[in-house]
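One file, entry-v8.cif, carrying mmCIF, C-alpha atoms:
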```
data_coords
loop_
_atom_site.label_atom_id
_atom_site.label_comp_id
_atom_site.auth_asym_id
_atom_site.auth_seq_id
_atom_site.Cartn_x
_atom_site.Cartn_y
_atom_site.Cartn_z
CA MET A 1328 -108.62 5.91 -12.92
CA THR A 1329 -106.46 3.52 -11.02
CA THR A 1330 -104.76 0.28 -11.85
CA GLN A 1331 -103.47 -2.49 -9.71
CA ASN A 1332 -100.18 -4.27 -10.33
CA THR A 1333 -99.40 -7.87 -9.63
CA ARG A 1334 -98.26 -7.15 -6.08
CA GLY A 1335 -101.59 -5.57 -5.09
CA ARG A 1336 -100.42 -1.95 -4.99
CA ARG A 1337 -102.53 0.65 -6.76
CA ARG A 1338 -101.00 2.94 -9.26
CA ALA A 1339 -102.43 6.17 -10.60
CA SER A 1340 -103.03 6.49 -14.28
CA GLY A 1341 -104.35 9.03 -16.61
CA LEU A 1342 -103.74 12.77 -16.28
CA THR A 1343 -102.24 12.60 -12.85
CA ALA A 1344 -99.63 10.06 -13.95
CA GLU A 1345 -98.79 12.10 -17.02
CA LEU A 1346 -98.24 15.27 -14.96
CA ARG A 1347 -96.12 13.38 -12.49
CA THR A 1348 -93.97 11.92 -15.22
CA ALA A 1349 -93.52 15.32 -16.84
CA GLY A 1350 -92.45 16.84 -13.52
CA VAL A 1351 -89.83 14.22 -12.92
CA ALA A 1352 -88.49 14.70 -16.43
CA ALA A 1353 -88.33 18.47 -15.93
CA HIS A 1354 -86.10 18.14 -12.85
CA GLU A 1355 -83.79 15.46 -14.23
CA PRO A 1356 -80.21 16.87 -14.44
CA ARG A 1357 -78.67 17.15 -17.83
CA PRO A 1358 -75.61 15.03 -18.66
CA ARG A 1359 -72.35 16.45 -17.32
CA ASP A 1360 -68.78 16.40 -18.58
CA PRO A 1361 -67.21 13.28 -16.98
CA HIS A 1362 -63.94 15.20 -16.36
CA ARG A 1363 -65.62 18.20 -14.77
CA GLU A 1364 -65.59 16.80 -11.25
CA PHE A 1365 -61.90 15.77 -11.63
CA ARG A 1366 -60.99 19.28 -12.71
CA ARG A 1367 -63.01 20.75 -9.85
CA ARG A 1368 -61.00 18.76 -7.30
CA LYS A 1369 -57.74 20.10 -8.74
CA GLY A 1370 -56.45 23.17 -7.09
CA PRO A 1371 -55.38 26.21 -9.09
CA LEU A 1372 -51.73 25.34 -8.57
CA ARG A 1373 -52.18 21.89 -10.09
CA GLN A 1374 -54.10 23.33 -13.02
CA MET A 1375 -51.29 25.79 -13.70
CA ALA A 1376 -48.75 22.97 -13.66
CA ASP A 1377 -50.83 20.87 -16.09
CA PHE A 1378 -51.20 23.84 -18.39
CA ALA A 1379 -47.47 24.50 -18.32
CA ALA A 1380 -46.68 20.88 -19.13
CA ALA A 1381 -49.24 20.77 -21.96
CA SER A 1382 -48.00 23.99 -23.52
CA GLY A 1383 -44.32 22.91 -23.53
CA ALA A 1384 -43.34 25.58 -21.06
CA GLY A 1385 -42.68 23.24 -18.10
CA GLN A 1386 -39.16 24.44 -17.56
CA LYS A 1387 -40.17 28.11 -17.63
CA ALA A 1388 -43.12 27.43 -15.34
CA GLY A 1389 -40.83 25.70 -12.86
CA VAL A 1390 -38.49 28.66 -12.80
CA ALA A 1391 -41.37 31.10 -12.45
CA LEU A 1392 -42.94 29.13 -9.63
CA ALA A 1393 -39.60 28.86 -7.88
CA THR A 1394 -39.59 32.62 -7.45
CA THR A 1395 -42.98 32.47 -5.72
CA GLY A 1396 -41.88 29.91 -3.15
CA LEU A 1397 -43.70 27.00 -4.80
CA LEU A 1398 -40.60 25.14 -5.85
CA LEU A 1399 -41.39 22.04 -3.76
CA THR A 1400 -44.75 21.34 -5.50
CA VAL A 1401 -44.15 22.17 -9.14
CA ALA A 1402 -40.58 22.96 -9.96
CA VAL A 1403 -38.78 19.95 -8.41
CA PRO A 1404 -38.57 17.87 -11.62
CA GLY A 1405 -37.43 20.76 -13.77
CA THR A 1406 -34.89 22.27 -11.37
CA GLY A 1407 -33.66 18.79 -10.39
CA ALA A 1408 -32.75 18.11 -13.99
CA MET A 1409 -31.11 21.51 -14.28
CA THR A 1410 -29.11 20.96 -11.11
CA ALA A 1411 -27.95 17.50 -12.18
CA ALA A 1412 -26.93 18.78 -15.58
CA SER A 1413 -25.10 21.71 -14.00
CA GLU A 1414 -23.20 19.51 -11.55
CA SER A 1415 -22.37 17.03 -14.29
CA SER A 1416 -20.96 19.77 -16.51
CA GLN A 1417 -18.85 21.12 -13.64
CA SER A 1418 -17.42 17.79 -12.47
CA ALA A 1419 -16.88 16.05 -15.80
CA PRO A 1420 -13.54 16.98 -17.41
CA SER A 1421 -13.71 18.46 -20.85
CA VAL A 1422 -12.64 16.05 -23.55
CA GLU A 1423 -11.44 18.94 -25.66
CA ASN A 1424 -8.83 19.90 -23.04
CA GLN A 1425 -7.27 16.43 -22.78
CA PRO A 1426 -3.93 15.98 -24.57
CA GLU A 1427 -3.81 13.42 -27.34
CA ILE A 1428 -1.18 10.71 -26.92
CA PRO A 1429 -0.63 8.83 -30.17
CA ALA A 1430 0.25 5.14 -29.98
CA ALA A 1431 0.33 2.25 -32.38
CA ALA A 1432 -2.59 -0.17 -32.26
CA ASN A 1433 -0.31 -3.02 -31.20
CA ALA A 1434 1.66 -0.99 -28.65
CA THR A 1435 2.37 -2.64 -25.29
CA ILE A 1436 1.69 -0.58 -22.15
CA ASP A 1437 3.82 -1.50 -19.14
CA PHE A 1438 2.77 -0.26 -15.70
CA SER A 1439 5.57 -1.98 -13.77
CA ARG A 1440 7.60 0.18 -11.40
CA ALA A 1441 11.19 0.86 -12.31
CA ALA A 1442 13.77 -0.65 -9.99
CA VAL A 1443 15.33 1.73 -7.47
CA SER A 1444 19.00 1.44 -6.69
CA THR A 1445 21.44 3.41 -4.59
CA THR A 1446 25.09 4.19 -5.07
CA ALA A 1447 26.08 4.29 -1.41
CA ASP A 1448 29.79 3.76 -0.77
CA PRO A 1449 30.22 1.75 2.46
CA ASP A 1450 34.01 2.10 2.31
CA SER A 1451 33.68 5.90 2.27
CA LYS A 1452 31.28 5.69 5.21
CA LEU A 1453 33.77 3.55 7.14
CA LYS A 1454 36.62 5.91 6.27
CA GLN A 1455 34.64 8.93 7.47
CA LEU A 1456 33.73 7.11 10.66
CA LEU A 1457 37.34 6.21 11.40
CA SER A 1458 38.72 9.64 10.57
CA ALA A 1459 36.11 11.56 12.56
CA GLN A 1460 37.06 10.10 15.94
CA SER A 1461 39.37 7.68 17.66
CA VAL A 1462 38.49 4.12 16.74
CA GLY A 1463 38.43 3.18 20.41
CA SER A 1464 35.55 5.59 21.12
CA ILE A 1465 33.29 4.46 18.26
CA THR A 1466 29.95 3.16 19.54
CA THR A 1467 28.11 0.12 18.23
CA SER A 1468 25.24 2.27 16.98
CA SER A 1469 27.57 4.15 14.63
CA SER A 1470 29.76 1.19 13.59
CA LYS A 1471 26.91 -1.24 12.84
CA GLY A 1472 26.86 -2.21 9.17
CA THR A 1473 30.14 -0.53 8.21
CA LEU A 1474 31.89 -3.86 7.53
CA GLY A 1475 30.79 -6.29 4.85
CA ALA A 1476 29.98 -9.95 5.46
CA PRO A 1477 33.03 -12.26 5.09
CA LEU A 1478 30.73 -15.03 3.77
CA ASP A 1479 27.78 -14.94 1.42
CA THR A 1480 25.64 -16.40 4.19
CA LEU A 1481 26.32 -15.77 7.87
CA THR A 1482 25.16 -18.43 10.32
CA THR A 1483 26.76 -18.29 13.78
CA ALA A 1484 28.23 -21.56 15.04
CA SER A 1485 29.94 -20.15 18.15
CA PRO A 1486 29.54 -16.54 19.39
CA PHE A 1487 32.03 -14.00 20.68
CA GLY A 1488 32.86 -14.14 24.39
CA TYR A 1489 33.35 -16.76 27.10
CA ARG A 1490 32.47 -20.35 26.25
CA VAL A 1491 33.36 -24.00 26.86
CA ASN A 1492 36.47 -24.98 24.90
CA PRO A 1493 35.24 -27.32 22.13
CA ILE A 1494 38.53 -29.26 22.14
CA THR A 1495 39.46 -29.55 25.84
CA GLY A 1496 36.00 -29.04 27.37
CA GLY A 1497 37.47 -26.48 29.76
CA LEU A 1498 35.24 -23.74 31.17
CA GLY A 1499 35.84 -20.02 30.88
CA GLU A 1500 37.67 -19.89 27.58
CA PHE A 1501 37.42 -16.50 25.93
CA HIS A 1502 36.42 -16.82 22.27
CA ARG A 1503 38.03 -13.96 20.38
CA GLY A 1504 35.72 -13.86 17.38
CA GLN A 1505 32.61 -15.22 15.71
CA ASP A 1506 32.59 -18.73 14.23
CA PHE A 1507 30.42 -18.90 11.11
CA VAL A 1508 29.19 -22.10 9.49
CA ALA A 1509 31.00 -22.79 6.21
CA GLN A 1510 31.86 -25.92 4.29
CA CYS A 1511 35.54 -26.31 3.50
CA GLY A 1512 36.37 -24.44 0.29
CA THR A 1513 33.72 -21.71 0.75
CA PRO A 1514 34.88 -18.30 -0.64
CA VAL A 1515 35.95 -15.83 2.06
CA HIS A 1516 35.55 -12.10 1.30
CA ALA A 1517 37.43 -9.06 2.57
CA ALA A 1518 35.13 -7.15 4.93
CA ALA A 1519 36.40 -3.77 3.71
CA ALA A 1520 39.15 -2.18 1.67
CA GLY A 1521 42.58 -2.36 3.27
CA LYS A 1522 46.10 -3.68 3.23
CA VAL A 1523 47.12 -7.30 3.98
CA THR A 1524 49.53 -7.22 6.93
CA PHE A 1525 49.70 -10.97 7.62
CA ALA A 1526 49.15 -14.07 5.44
CA GLY A 1527 50.47 -17.36 6.79
CA TRP A 1528 50.36 -19.88 9.59
CA HIS A 1529 49.15 -18.67 12.96
CA PRO A 1530 51.09 -20.36 15.81
CA TYR A 1531 48.31 -19.96 18.39
CA GLY A 1532 45.60 -22.11 16.89
CA GLY A 1533 44.37 -19.95 14.02
CA GLY A 1534 45.82 -22.21 11.35
CA ASN A 1535 46.08 -20.47 7.97
CA ARG A 1536 45.35 -16.87 8.81
CA ILE A 1537 44.99 -13.49 7.04
CA VAL A 1538 45.01 -10.06 8.69
CA VAL A 1539 43.77 -6.94 6.83
CA ASP A 1540 44.46 -3.44 8.16
CA HIS A 1541 41.67 -0.95 7.34
CA GLY A 1542 43.36 2.07 8.86
CA ASN A 1543 43.10 4.08 12.07
CA GLY A 1544 43.54 1.00 14.28
CA LEU A 1545 40.80 -1.17 12.70
CA GLU A 1546 41.77 -4.70 11.58
CA THR A 1547 39.96 -7.91 10.56
CA THR A 1548 41.30 -11.46 10.68
CA TYR A 1549 40.25 -14.66 8.85
CA ASN A 1550 41.25 -17.99 10.42
CA HIS A 1551 41.31 -21.81 9.88
CA LEU A 1552 41.56 -21.25 6.10
CA SER A 1553 42.20 -24.13 3.76
CA SER A 1554 44.08 -21.76 1.42
CA PHE A 1555 44.51 -18.08 0.60
CA ASN A 1556 45.48 -16.15 -2.53
CA VAL A 1557 46.85 -12.86 -1.13
CA GLN A 1558 50.22 -11.82 0.19
CA VAL A 1559 51.54 -9.31 2.69
CA GLY A 1560 51.45 -5.72 1.39
CA GLN A 1561 48.65 -6.39 -1.10
CA MET A 1562 45.73 -3.96 -1.25
CA VAL A 1563 42.31 -5.54 -1.32
CA SER A 1564 38.83 -4.13 -1.87
CA ARG A 1565 35.62 -4.81 -0.03
CA GLY A 1566 34.13 -8.10 -1.22
CA ASP A 1567 37.30 -9.49 -2.81
CA VAL A 1568 37.75 -13.25 -2.40
CA VAL A 1569 40.91 -13.51 -0.31
CA ALA A 1570 40.78 -17.15 0.80
CA LEU A 1571 38.78 -20.38 1.12
CA SER A 1572 37.39 -21.64 4.42
CA GLY A 1573 38.81 -24.75 6.07
CA THR A 1574 39.58 -26.46 9.36
CA THR A 1575 43.30 -25.82 9.86
CA GLY A 1576 44.80 -25.10 13.31
CA ALA A 1577 42.84 -25.65 16.51
CA SER A 1578 39.55 -26.54 14.81
CA THR A 1579 36.96 -29.27 15.19
CA GLY A 1580 35.45 -28.87 11.73
CA CYS A 1581 35.11 -26.69 8.65
CA HIS A 1582 34.12 -23.13 9.52
CA LEU A 1583 35.38 -19.54 9.42
CA HIS A 1584 36.67 -17.84 12.56
CA PHE A 1585 36.29 -14.07 11.96
CA GLU A 1586 37.74 -11.40 14.24
CA VAL A 1587 37.53 -7.59 14.46
CA MET A 1588 40.34 -5.79 16.30
CA VAL A 1589 40.30 -2.17 17.46
CA ASN A 1590 43.75 -0.85 18.47
CA GLY A 1591 44.89 -4.44 18.93
CA ASN A 1592 41.95 -5.50 21.12
CA VAL A 1593 39.27 -7.86 19.86
CA VAL A 1594 35.63 -6.70 19.88
CA ASP A 1595 32.40 -8.44 18.95
CA PRO A 1596 32.26 -8.60 15.11
CA LEU A 1597 28.46 -8.35 15.16
CA GLY A 1598 28.83 -4.74 16.30
CA TRP A 1599 30.40 -3.96 12.91
CA LEU A 1600 28.65 -6.32 10.51
#
```

Take the structure in this file and express it as structure tokens.
Amino acid sequence: MTTQNTRGRRRASGLTAELRTAGVAAHEPRPRDPHREFRRRKGPLRQMADFAAASGAGQKAGVALATTGLLLTVAVPGTGAMTAASESSQSAPSVENQPEIPAAANATIDFSRAAVSTTADPDSKLKQLLSAQSVGSITTSSSKGTLGAPLDTLTTASPFGYRVNPITGGLGEFHRGQDFVAQCGTPVHAAAAGKVTFAGWHPYGGGNRIVVDHGNGLETTYNHLSSFNVQVGQMVSRGDVVALSGTTGASTGCHLHFEVMVNGNVVDPLGWL
């Protein structure tokens, strides 16, 4: 017996249709585990790793696989953690070994650097320099800085050597010292320890003048002073105030004319200051 559907196609019915339906049902596959295909695609190595993680033996599995040369695939997380922990324990200092430093809660911590000072004795240096050799053979490199400044601030007004005479305007005058700027009444200091050999009026233009002998042919002079408070034969120390600056003698204004003499001959004071 046959039947015809709405589209005009004939369809078998009866025994033949029943047999056909039974055959199709007999070959229909049974339902499968939905995870079976996923497990099949996993390799044996992946399955071992999953088993190790599920059983709580991940660390041991990583170590075991490392010995078989499979460290890159399975054991990286486990050994990475072990390595990091090992390096951390080696580099981090132990708290137990640190000394305890007790301090009050309101204690002030000061990290400022302590001031550094020296106890150099420039007079001793000058004395050694003068006693070691003839004063006439001392070079500028060795004498530089052995004399102290006669003023608190040194500003040159007229240098040592040949110049135009500030009073006459004549050319070729030899200036015997260094003129330093100083208002009248400025304190004048002894350049080094020594003995006062002259304190008075200088007849050749120096005005009120002081000469201090430092030994071994070295002398310093201070000129155009408004006043002085030392006398001949008095011992002075480096830095002592021996006079006040002025404009006495052959001077065009308040200043200090300072000289350095070696065996009676003037030299440039800047070679000693």

Point to revise | Residues matched by the PyMOL selection byres ((chain A and resi 1476-1481) around 8), written as an NGL selection string | key: :A and (1474-1475 or 1482-1483 or 1507-1508 or 1513-1518 or 1566 or 1585 or 1600)

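One finds CA of Gly1544 (chain A) at 8.3 Å from CA of Gly1463 (chain A).
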
Exercise for review: Taking the file as shown, find all residues satisfying the PyMOL selection byres ((chain A and resi 1564) around 9) and write them as an NGL selection string.
Suggested key: :A and (1450 or 1517-1522 or 1562-1563 or 1565-1567)

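Going from CA of Ala1577 (chain A) over to CA of Tyr1489 (chain A), you cover 16.8 Å.
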
Practice item. Run the PyMOL selection byres ((chain A and resi 1575) around 9) against the file shown and list the residues it catches, as number ranges by chain. Key: A: 1532-1535, 1550-1553, 1573-1574, 1576-1581

Quick one: residues within 7 Å of Lys1471 (chain A), only C-alpha atoms, excluding same-chain residues fewer than 3 positions away - as a compact mmCIF listing (two decimals) with C-alpha atoms, in the coordinates of the input?
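Listed below is the output, out12.txt:
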```
# COMPACT_ATOMS: atom_id res chain seq x y z
CA THR A 1467 28.11 0.12 18.23
CA SER A 1468 25.24 2.27 16.98
CA GLY A 1598 28.83 -4.74 16.30
CA TRP A 1599 30.40 -3.96 12.91
CA LEU A 1600 28.65 -6.32 10.51
```

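Pairwise distance (CA of Gly1542 (chain A), CA of Val1589 (chain A)) equals 10.1 Å.
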
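For the choices A:Gln1505, A:Asn1590, A:Ser1469, A:Gln1510, the atom-to-atom distance to Ala1484 (chain A) is smallest for A:Gln1505 when using all atoms listed in the file.
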
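With distances restricted to all atoms listed in the file, A:Ser1470 is the closest residue to Gln1455 (chain A) from A:Pro1530, A:Thr1524, A:Ser1470, A:Thr1495.
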
Can you give me all heavy atoms for region 1544-1555 of chain A, written as a short mmCIF file (atom, residue, chain, number, x, y, z; two decimals), keeping the file's coordinate frame?
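Everything below was put into selection-v3.cif:
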```
data_model
loop_
_atom_site.label_atom_id
_atom_site.label_comp_id
_atom_site.auth_asym_id
_atom_site.auth_seq_id
_atom_site.Cartn_x
_atom_site.Cartn_y
_atom_site.Cartn_z
N GLY A 1544 43.62 1.96 13.20
CA GLY A 1544 43.54 1.00 14.28
C GLY A 1544 42.50 -0.09 14.08
O GLY A 1544 42.30 -0.92 14.98
N LEU A 1545 41.82 -0.15 12.93
CA LEU A 1545 40.80 -1.17 12.70
C LEU A 1545 41.37 -2.30 11.83
O LEU A 1545 41.89 -2.04 10.74
CB LEU A 1545 39.57 -0.56 12.01
CG LEU A 1545 38.43 -1.53 11.68
CD1 LEU A 1545 37.82 -2.10 12.95
CD2 LEU A 1545 37.36 -0.83 10.84
N GLU A 1546 41.27 -3.55 12.32
CA GLU A 1546 41.77 -4.70 11.58
C GLU A 1546 40.73 -5.84 11.61
O GLU A 1546 39.92 -5.93 12.54
CB GLU A 1546 43.07 -5.23 12.20
CG GLU A 1546 44.24 -4.26 12.16
CD GLU A 1546 45.44 -4.81 12.90
OE1 GLU A 1546 45.35 -4.91 14.16
OE2 GLU A 1546 46.45 -5.15 12.26
N THR A 1547 40.78 -6.70 10.58
CA THR A 1547 39.96 -7.91 10.56
C THR A 1547 40.87 -9.11 10.29
O THR A 1547 41.87 -8.99 9.58
CB THR A 1547 38.86 -7.84 9.47
OG1 THR A 1547 39.45 -7.57 8.20
CG2 THR A 1547 37.84 -6.76 9.78
N THR A 1548 40.52 -10.25 10.88
CA THR A 1548 41.30 -11.46 10.68
C THR A 1548 40.40 -12.60 10.22
O THR A 1548 39.21 -12.66 10.58
CB THR A 1548 42.04 -11.90 11.96
OG1 THR A 1548 41.10 -12.51 12.85
CG2 THR A 1548 42.69 -10.71 12.64
N TYR A 1549 40.97 -13.53 9.44
CA TYR A 1549 40.25 -14.66 8.85
C TYR A 1549 41.07 -15.91 9.16
O TYR A 1549 42.24 -15.99 8.75
CB TYR A 1549 40.08 -14.45 7.34
CG TYR A 1549 39.59 -13.04 6.99
CD1 TYR A 1549 40.48 -11.97 6.96
CD2 TYR A 1549 38.25 -12.80 6.72
CE1 TYR A 1549 40.05 -10.68 6.67
CE2 TYR A 1549 37.81 -11.51 6.43
CZ TYR A 1549 38.71 -10.46 6.41
OH TYR A 1549 38.28 -9.19 6.12
N ASN A 1550 40.47 -16.90 9.85
CA ASN A 1550 41.25 -17.99 10.42
C ASN A 1550 40.72 -19.38 10.00
O ASN A 1550 39.58 -19.50 9.54
CB ASN A 1550 41.22 -17.89 11.95
CG ASN A 1550 41.74 -16.54 12.44
OD1 ASN A 1550 42.92 -16.38 12.74
ND2 ASN A 1550 40.85 -15.56 12.54
N HIS A 1551 41.59 -20.40 10.20
CA HIS A 1551 41.31 -21.81 9.88
C HIS A 1551 41.11 -22.02 8.37
O HIS A 1551 40.36 -22.91 7.96
CB HIS A 1551 40.08 -22.32 10.65
CG HIS A 1551 40.15 -22.10 12.13
ND1 HIS A 1551 41.21 -22.57 12.90
CD2 HIS A 1551 39.30 -21.47 12.99
CE1 HIS A 1551 40.99 -22.24 14.17
NE2 HIS A 1551 39.85 -21.57 14.25
N LEU A 1552 41.74 -21.20 7.55
CA LEU A 1552 41.56 -21.25 6.10
C LEU A 1552 42.20 -22.50 5.52
O LEU A 1552 43.26 -22.96 5.97
CB LEU A 1552 42.17 -20.01 5.46
CG LEU A 1552 41.68 -18.65 6.04
CD1 LEU A 1552 42.50 -17.51 5.46
CD2 LEU A 1552 40.20 -18.47 5.78
N SER A 1553 41.58 -23.01 4.48
CA SER A 1553 42.20 -24.13 3.76
C SER A 1553 43.27 -23.62 2.81
O SER A 1553 44.27 -24.31 2.56
CB SER A 1553 41.13 -24.91 2.98
OG SER A 1553 40.48 -24.08 2.03
N SER A 1554 43.07 -22.40 2.30
CA SER A 1554 44.08 -21.76 1.42
C SER A 1554 43.76 -20.28 1.33
O SER A 1554 42.66 -19.83 1.68
CB SER A 1554 44.05 -22.39 0.02
OG SER A 1554 42.79 -22.18 -0.61
N PHE A 1555 44.72 -19.52 0.83
CA PHE A 1555 44.51 -18.08 0.60
C PHE A 1555 45.29 -17.67 -0.64
O PHE A 1555 46.26 -18.33 -1.05
CB PHE A 1555 44.94 -17.24 1.83
CG PHE A 1555 46.30 -17.55 2.35
CD1 PHE A 1555 47.43 -16.97 1.78
CD2 PHE A 1555 46.47 -18.41 3.43
CE1 PHE A 1555 48.69 -17.25 2.27
CE2 PHE A 1555 47.72 -18.69 3.92
CZ PHE A 1555 48.84 -18.11 3.35
#
```
